[in-house]
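Chemist: Handing over upload30.txt, compact mmCIF, C-alpha atoms.
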```txt
# COMPACT_ATOMS: atom_id res chain seq x y z
CA MET F 1 29.85 -91.50 39.13
CA LYS F 2 26.63 -89.51 38.87
CA LEU F 3 26.16 -89.78 42.62
CA PHE F 4 29.70 -88.53 43.26
CA THR F 5 29.24 -85.60 40.83
CA GLY F 6 25.91 -84.76 42.46
CA LEU F 7 27.46 -84.78 45.94
CA VAL F 8 30.32 -82.51 44.83
CA PHE F 9 27.86 -80.12 43.16
CA CYS F 10 25.58 -80.02 46.23
CA SER F 11 28.48 -79.41 48.58
CA LEU F 12 29.66 -76.50 46.41
CA VAL F 13 26.17 -75.01 46.27
CA LEU F 14 25.70 -75.38 50.02
CA GLY F 15 29.13 -73.88 50.69
CA VAL F 16 28.38 -70.84 48.57
CA SER F 17 24.90 -70.42 50.02
CA SER F 18 26.23 -70.62 53.57
CA GLU F 19 28.62 -67.77 52.72
CA TRP F 20 25.64 -65.75 51.48
CA TYR F 21 23.73 -66.49 54.68
CA SER F 22 26.74 -65.35 56.66
CA PHE F 23 27.03 -62.17 54.57
CA LEU F 24 23.33 -61.40 54.97
CA GLY F 25 23.52 -62.02 58.72
CA GLU F 26 26.51 -59.69 59.03
CA ALA F 27 24.70 -57.06 56.96
CA ALA F 28 21.59 -57.25 59.15
CA GLN F 29 23.66 -57.01 62.33
CA GLY F 30 25.66 -54.13 60.84
CA ALA F 31 22.46 -52.30 59.95
CA TRP F 32 21.28 -52.78 63.54
CA ASP F 33 24.58 -51.33 64.82
CA MET F 34 24.12 -48.31 62.57
CA TRP F 35 20.54 -47.86 63.78
CA ARG F 36 21.64 -48.09 67.42
CA ALA F 37 24.33 -45.41 66.89
CA TYR F 38 21.82 -43.16 65.12
CA SER F 39 19.30 -43.63 67.95
CA ASP F 40 21.96 -42.81 70.51
CA MET F 41 22.90 -39.70 68.53
CA ARG F 42 19.29 -38.53 68.51
CA GLU F 43 18.89 -39.29 72.21
CA ALA F 44 22.14 -37.59 73.22
CA ASN F 45 21.32 -34.47 71.17
CA TYR F 46 24.84 -33.27 71.93
CA ILE F 47 26.31 -30.53 69.76
CA GLY F 48 29.32 -31.69 67.79
CA ALA F 49 28.84 -35.37 68.56
CA ASP F 50 27.48 -36.44 65.17
CA LYS F 51 30.93 -37.35 63.79
CA TYR F 52 31.56 -39.58 66.81
CA PHE F 53 28.28 -41.44 66.31
CA HIS F 54 28.95 -41.80 62.56
CA ALA F 55 32.39 -43.28 63.31
CA ARG F 56 31.03 -45.51 66.10
CA GLY F 57 28.18 -46.91 64.00
CA ASN F 58 30.49 -47.66 61.10
CA TYR F 59 33.10 -49.20 63.41
CA ASP F 60 30.57 -51.45 65.14
CA ALA F 61 29.07 -52.54 61.82
CA ALA F 62 32.47 -53.20 60.22
CA ARG F 63 33.47 -55.48 63.11
CA ARG F 64 30.70 -57.85 61.97
CA GLY F 65 32.56 -58.71 58.76
CA PRO F 66 32.22 -57.95 55.04
CA GLY F 67 28.42 -57.82 55.25
CA GLY F 68 28.61 -55.26 58.03
CA VAL F 69 31.07 -53.11 56.09
CA TRP F 70 28.75 -53.23 53.08
CA ALA F 71 25.68 -52.28 55.17
CA ALA F 72 27.56 -49.42 56.85
CA LYS F 73 28.65 -48.00 53.49
CA VAL F 74 25.19 -48.28 51.96
CA ILE F 75 23.49 -46.68 54.97
CA SER F 76 26.09 -43.91 55.31
CA ASP F 77 25.93 -43.05 51.61
CA ALA F 78 22.11 -43.05 51.65
CA ARG F 79 22.07 -40.75 54.67
CA GLU F 80 24.46 -38.29 53.02
CA ASN F 81 22.55 -38.35 49.74
CA SER F 82 19.24 -37.72 51.50
CA GLN F 83 20.77 -34.70 53.24
CA ARG F 84 21.89 -33.30 49.89
CA VAL F 85 18.40 -33.72 48.46
CA THR F 86 16.89 -32.05 51.53
CA ASP F 87 19.25 -29.09 51.14
CA PHE F 88 18.33 -28.77 47.47
CA PHE F 89 14.58 -28.62 48.13
CA ARG F 90 14.91 -26.25 51.08
CA HIS F 91 16.76 -23.74 48.90
CA GLY F 92 19.21 -23.20 51.68
CA ASN F 93 21.49 -24.94 54.05
CA SER F 94 20.24 -27.27 56.75
CA GLY F 95 23.68 -27.33 58.35
CA HIS F 96 24.55 -30.36 56.26
CA GLY F 97 26.43 -28.59 53.50
CA ALA F 98 29.31 -29.92 51.44
CA GLU F 99 31.90 -29.29 54.16
CA ASP F 100 29.87 -31.06 56.84
CA SER F 101 29.06 -33.89 54.46
CA LYS F 102 32.76 -34.37 53.70
CA ALA F 103 33.55 -34.45 57.44
CA ASP F 104 30.76 -37.00 57.97
CA GLN F 105 32.19 -39.22 55.23
CA GLU F 106 35.67 -38.99 56.76
CA ALA F 107 34.23 -40.12 60.11
CA ASN F 108 32.35 -42.94 58.35
CA GLU F 109 35.50 -44.16 56.61
CA TRP F 110 37.50 -43.80 59.85
CA GLY F 111 35.07 -46.12 61.62
CA ARG F 112 34.85 -48.64 58.77
CA SER F 113 38.65 -48.87 58.65
CA GLY F 114 38.66 -50.21 62.22
CA LYS F 115 40.16 -47.12 63.83
CA ASP F 116 38.99 -46.03 67.29
CA SER F 117 35.80 -43.96 67.05
CA ASN F 118 36.75 -42.08 70.24
CA HIS F 119 38.97 -39.96 68.01
CA TYR F 120 35.77 -38.04 67.19
CA ARG F 121 34.28 -38.12 70.70
CA PRO F 122 33.61 -34.58 71.97
CA GLU F 123 34.58 -33.64 75.51
CA GLY F 124 31.69 -33.72 77.91
CA LEU F 125 29.67 -36.37 76.10
CA PRO F 126 28.12 -38.53 78.84
CA ASP F 127 29.77 -41.91 79.42
CA LYS F 128 26.47 -43.63 78.55
CA TYR F 129 27.40 -43.11 74.91
```
As C-alpha cells, please, write out the structure in this file.
Modeler:
Amino acid sequence: MKLFTGLVFCSLVLGVSSEWYSFLGEAAQGAWDMWRAYSDMREANYIGADKYFHARGNYDAARRGPGGVWAAKVISDARENSQRVTDFFRHGNSGHGAEDSKADQEANEWGRSGKDSNHYRPEGLPDKY
C-alpha cells in the first residue's frame, strides 16, 4: 500500500513539474521572440513601425503557449514602465508619452490575442521584417 501511495504521489509531482518545465520553456522562447522583434525594430529604424514590432513580438511569443503569453506581458509592461520613468527624469517628453504608451499597449494586446500583427505594419517597411 505504501508503495502504491508513493508511486501515485511521485507521478503527481512529476506531472506538475513537467508542466512547470513546459511553462518555463515557453516563457524562455517567448522572451527570445520578444528580443528578436525588438532587435528587428532597432535594425529597421523605420518611422512608425514600432507598433508593428510590438504586435509581432507579442504574437510570436503568445503562440508558444501560456508561458509565452506571460513573458510577453511582463516584458511589454516593463518596457512601458521604463519609458515612463525615463520621461519623468528627463523633465520632458521622449516621444513616449501617455498617448504613445497607450497605443503601444493596444498593439501588445492585439498581438497577444492572436490577431494578425500586419494590422500595424506601415507601408514601405521592407519585406525582410
Chemist: Taking all atoms listed in the file into account, name the residue in F:Ala61, F:Ala98, F:Leu24, F:Ala103 that is nearest to Gln83 of chain F.
Modeler: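 The closest residue to Gln83 of chain F is F:Ala98.
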Chemist: Using only C-alpha atoms, which residues sit within 12 Å of Arg121 of chain F once same-chain residues fewer than 5 positions away are excluded, as a PyMOL selection string?
Modeler: chain F and resi 41+46-56+107+116+126-127+129
Chemist: Using atom CA of Thr86 of chain F and atom CA of Asn108 of chain F as the two end points, give the distance in Å to one decimal.
Modeler: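 Computed distance, atom CA of Thr86 of chain F to atom CA of Asn108 of chain F, equals 20.1 Å.
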Chemist: Using only C-alpha atoms, which protein or nucleic acid residues come within 6 Å of Gly111 of chain F? Drop anything in the same chain fewer than 4 positions from it, and give the result as a PyMOL selection string.
Modeler: chain F and resi 55+58-59+115+117
Chemist: How many Å separate atom CA of Glu109 of chain F from atom CA of Phe89 of chain F?
Modeler: 27.4 Å
